[in-house]
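Chemist: Next up is a structure, given as structure tokens.
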Amino acid sequence: MQSIEAKNFINGEWREAASGERLSSLNPADTTEIVGTVPDSDERDVDEAVKAARSAFRGWYELGWVRRAEVLDKFAQLMKRDLEEMARLVTRECGKPLNEGRADVVEALHMAQYAASLGRMPVGEVIASEIPEKDAYIRRKPKGVVGCITPWNFPVAIPLWEMTPSLVSGNTVVFKPSEETPICGDFIFRLLEEAGMPRGVVNIVHGIGEKAGAALSEHPDVDVILFTGSYEVGKLIQRQAATEVHKFVATEMGGKNAVIVLDDADMGIAVPSCVISAFKTAGQRCVSSNRLIVDRKVVDEFQERFLRATDRINVGNGLTDDVFYGPMINKAGVEKYHLHNRKAKEEGADVLREGGELEGLEYAHGYFVKPFVYRMEYRPGTFCLREEAFSPHVAIIPVDGVEEAVAVHNDTDLGLAMAVCTEDFRKMRYVRDHADYGIGYVNLPSIGAEVHLPFGGVKGSGNGHPSAEGLLDAVTHRTAFTVNHGKEIVMAQGMSAEV
């Protein structure tokens with residue numbers, strides 16, 4: 001397939017980086033294929049994009065909610081038109097199977113549709129005043145320039161989780177996509193331009209995180225940073241923003257998620273839920289579950305059925321039929337997988353499936369690995385049971401009852417997603433109320449999202465400002481506005497009407 005030569009989009013113009021340098025994006029299933037090249041941008045390009053966004057802010061804000069929403073609705077229609085082309089690009093650039101590529105784009109489409117619908121929804125509240133002659137309101141107003149920094153594993157959905165709520169509420173945007181999937185970002189911006197976004201309202205700056213990403217997060221004229229990615233980078237951005245009075249940061253930083261399987265679980269639900277939670281996208285989702293916490297009364301039956309299902313998983317190029325998961329994103333992802341597997345063995349794991357890299361001609365130029373499955377008795381502070389693996393690396397952990405299951409679940413510094421499989425509403429309720437999570441599921445996998453619900457975590461998984469529906473509070477101010485309709489209010493405070 002032909003390689004795409006993308007550019008930055010700044011102030012309505014397609015531009016090369018100031019450095020003149022370019023980066024290549026490779027297909028992780030076949031690294032001999034260059035999906036495309038993009039500018040290797042630095043602080044000069046970021047500064048131009050932020051200036052453009054700042055200049056465009058007032059005009060975009062003054063269009064009003066309905067007219068801004070109409071632009072987003074046109075963008076959504078263009079996404080519908082190009083859905084299959086976008087899905088295949090997602091699969092080529094980030095490696096996940098085509099059905100997941102389609103799901104990524106459909107999720108993005110839903111987000112654009114949801115954001116467009118907000119244009120005709122209430123944008124504030126009328127509040128009763130203490131004084132009858134006063135009207136009091138709470139109104140949402142945009143914060144200004146929003147910087148969006150997103151990961152590779154959902155290269156269409158997550159950018160639109162962040163950008164579309166920001167745009168419909170009146171903010172302007174500077175977007176830095178992952179350097180692993182920049183061509184997906186380019187596709188999004190081609191459609192935004194076609195939809196008629198005014199100059200400077202949306203800007204894309206390509207490049208690596210250490211240069212372009214850092215320049216965006218540190219820029220003094222950026223009002224909000226929306227970041228989805230690693231815990232280490234998220235905390236760094238939070239610390240940087242803490243030195244600036246006006247800058248707000250919303251972060252979503254991954255998880256060490258789990259599926260809890262209780263003694264009354266329906267194995268016909270529990271086993272496929274765990275396989276999907278552990279291995280979809282090769283375990284490279286922030287909501288993937290590396291831990292399967294299983295009641296000891298049923299752990300042997302569960303383990304047997306889970307391993308049978310795992311052995312049937314087909315790993316390969318996502319453009320091939322019947323592939324369950326594709327490659328790791330890059331060599332660093334494979335090395336992290338090996339690290340977690342090695343640590344599990346060092347910490348006493350009973351290895352049930354050895355894992356390792358796949359061999360053979362069809363895997364020769366990709367980052368393909370097999371499921372690594374082990375059983376381990378719970379011990380506090382264990383590295384492999386507490387740290388995010390972001391790979392098809394999964395532990396089966398026996399426990400005694402729902403209370404111990406929740407205690408084991410909570411023994412991590414992260415708290416993004418979890419699922420529980422049970423037929424007992426009392427046990428479900430205990431998990432709901434005592435587990436640490438931002439997104440919870442019952443008799444379902446731990447993966448998935450709906451755009452009209454908040455998506456984010458607690459503890460080290462985020463700072464309480466989730467994406468999707470929950471993002472509006474991060475990108476708008478809730479302002480108070482009070483109107484006086486009577487003279488008596490002012491006069492009662494000691495000023496005469498003659499002053």
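Chain identifiers are assigned as A, B, and so on, following the order in which chains appear in the structure tokens; residues are numbered from 1 within each chain, and ligands are numbered from 1 in order of appearance.
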Identify, on the basis of only C-alpha atoms, every residue whose closest approach to segment 338-344 of chain A does not exceed 8 Å; exclude the query and any residue fewer than 3 positions from it along the same chain; express the result as number ranges by chain.
Modeler: A: 334-335, 347-349, 356, 372, 383-384, 389, 393
Chemist: Please write the residues from the selection above to a file, keeping N, CA and C atoms, as an mmCIF file, in the first residue's frame.
Modeler:
```cif
data_model
loop_
_atom_site.group_PDB
_atom_site.id
_atom_site.type_symbol
_atom_site.label_atom_id
_atom_site.label_comp_id
_atom_site.auth_asym_id
_atom_site.auth_seq_id
_atom_site.Cartn_x
_atom_site.Cartn_y
_atom_site.Cartn_z
ATOM 1 N N VAL A 334 7.172 -5.501 23.565
ATOM 2 C CA VAL A 334 7.588 -6.897 23.708
ATOM 3 C C VAL A 334 8.543 -7.045 24.887
ATOM 4 N N GLU A 335 9.455 -6.117 25.038
ATOM 5 C CA GLU A 335 10.410 -6.187 26.151
ATOM 6 C C GLU A 335 9.706 -6.059 27.504
ATOM 7 N N GLU A 347 8.828 -14.419 41.249
ATOM 8 C CA GLU A 347 7.979 -14.248 42.439
ATOM 9 C C GLU A 347 7.153 -15.491 42.760
ATOM 10 N N GLY A 348 7.460 -16.600 42.085
ATOM 11 C CA GLY A 348 6.866 -17.866 42.484
ATOM 12 C C GLY A 348 5.655 -18.307 41.702
ATOM 13 N N ALA A 349 5.463 -17.817 40.501
ATOM 14 C CA ALA A 349 4.292 -18.189 39.710
ATOM 15 C C ALA A 349 4.370 -19.654 39.292
ATOM 16 N N GLY A 356 5.836 -16.288 25.148
ATOM 17 C CA GLY A 356 6.990 -16.155 24.266
ATOM 18 C C GLY A 356 6.602 -15.579 22.916
ATOM 19 N N PHE A 372 0.720 -15.480 28.042
ATOM 20 C CA PHE A 372 1.451 -15.986 29.204
ATOM 21 C C PHE A 372 0.450 -16.055 30.361
ATOM 22 N N PHE A 383 5.174 -7.543 42.638
ATOM 23 C CA PHE A 383 5.304 -6.707 41.443
ATOM 24 C C PHE A 383 4.334 -7.143 40.355
ATOM 25 N N CYS A 384 4.340 -8.439 40.027
ATOM 26 C CA CYS A 384 3.569 -8.888 38.869
ATOM 27 C C CYS A 384 2.068 -8.798 39.097
ATOM 28 N N ALA A 389 0.943 -4.567 33.093
ATOM 29 C CA ALA A 389 1.790 -5.278 32.131
ATOM 30 C C ALA A 389 1.568 -4.808 30.704
ATOM 31 N N HIS A 393 -0.479 -11.023 29.368
ATOM 32 C CA HIS A 393 0.158 -11.584 30.565
ATOM 33 C C HIS A 393 -0.916 -11.597 31.646
#
```
Chemist: Which residue is closest to Ile10 of chain A? Choose from A:Asp40, A:Asp47, A:Glu450, A:Asp473 and count only C-alpha atoms.
Modeler: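 Among A:Asp40, A:Asp47, A:Glu450, A:Asp473, it is A:Asp47 that comes nearest to Ile10 of chain A.
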Chemist: Skipping near chain neighbours, those fewer than 2 positions away, what residues fall within 12 Å of Val275 of chain A using only C-alpha atoms, listed as number ranges by chain?
Modeler: A: 258-259, 267-273, 277-283, 288-292, 302-303, 305-313, 324-325, 371, 373, 392-396, 444-447
Chemist: Please dump the current selection as a short mmCIF file (atom, residue, chain, number, x, y, z; two decimals), in the first residue's frame; keep C-alpha atoms.
Modeler:
```cif
data_model
loop_
_atom_site.label_atom_id
_atom_site.label_comp_id
_atom_site.auth_asym_id
_atom_site.auth_seq_id
_atom_site.Cartn_x
_atom_site.Cartn_y
_atom_site.Cartn_z
CA ALA A 258 -9.17 -7.46 37.38
CA VAL A 259 -12.12 -9.72 36.76
CA MET A 267 -18.87 -20.17 33.78
CA GLY A 268 -20.48 -19.71 30.38
CA ILE A 269 -20.27 -15.97 31.07
CA ALA A 270 -17.18 -15.82 33.28
CA VAL A 271 -14.71 -17.65 31.04
CA PRO A 272 -15.32 -15.70 27.80
CA SER A 273 -15.47 -12.46 29.80
CA SER A 277 -10.65 -8.90 29.25
CA ALA A 278 -7.17 -10.42 29.24
CA PHE A 279 -6.33 -10.79 25.57
CA LYS A 280 -8.26 -8.41 23.33
CA THR A 281 -5.83 -5.97 21.65
CA ALA A 282 -3.06 -8.28 22.98
CA GLY A 283 -3.78 -6.93 26.47
CA SER A 288 -7.32 -4.90 30.05
CA SER A 289 -7.30 -7.31 33.02
CA ASN A 290 -3.98 -8.88 33.97
CA ARG A 291 -5.59 -10.40 37.09
CA LEU A 292 -8.34 -13.00 37.29
CA PHE A 302 -12.37 -22.07 35.85
CA GLN A 303 -8.67 -22.62 35.16
CA ARG A 305 -11.95 -23.94 30.92
CA PHE A 306 -9.95 -20.70 30.65
CA LEU A 307 -6.87 -22.53 29.40
CA ARG A 308 -8.90 -24.46 26.82
CA ALA A 309 -10.27 -21.18 25.52
CA THR A 310 -6.83 -19.54 25.58
CA ASP A 311 -5.36 -22.38 23.53
CA ARG A 312 -7.86 -21.67 20.76
CA ILE A 313 -6.79 -18.03 20.37
CA PHE A 324 -8.34 -12.72 17.94
CA TYR A 325 -5.45 -10.40 18.65
CA PRO A 371 -0.49 -15.60 25.96
CA VAL A 373 -0.80 -17.47 31.90
CA PRO A 392 -1.19 -10.76 27.09
CA HIS A 393 0.16 -11.58 30.56
CA VAL A 394 -2.45 -12.82 33.05
CA ALA A 395 -2.53 -14.25 36.57
CA ILE A 396 -5.17 -16.55 38.07
CA LEU A 444 -19.26 -8.61 31.36
CA PRO A 445 -15.61 -8.15 30.36
CA SER A 446 -13.67 -5.28 31.93
CA ILE A 447 -13.18 -3.65 28.53
#
```
Chemist: I'd like the contact shell of Val173 of chain A - 9 Å cut-off, only C-alpha atoms, skipping same-chain residues fewer than 6 positions apart - returned as a list in words.
Modeler: Ala49, Val50, Ala53, Gly144, Val145, Val146, Gly147, Cys148, Met163, Ser166, Leu167, Gly200, Val201, Val202, Asn203 and Ile204 of chain A
Chemist: What is the distance between atom CA of Ala69 of chain A and atom CA of Leu226 of chain A, in Å to one decimal?
Modeler: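 Interatomic distance here is 20.7 Å.
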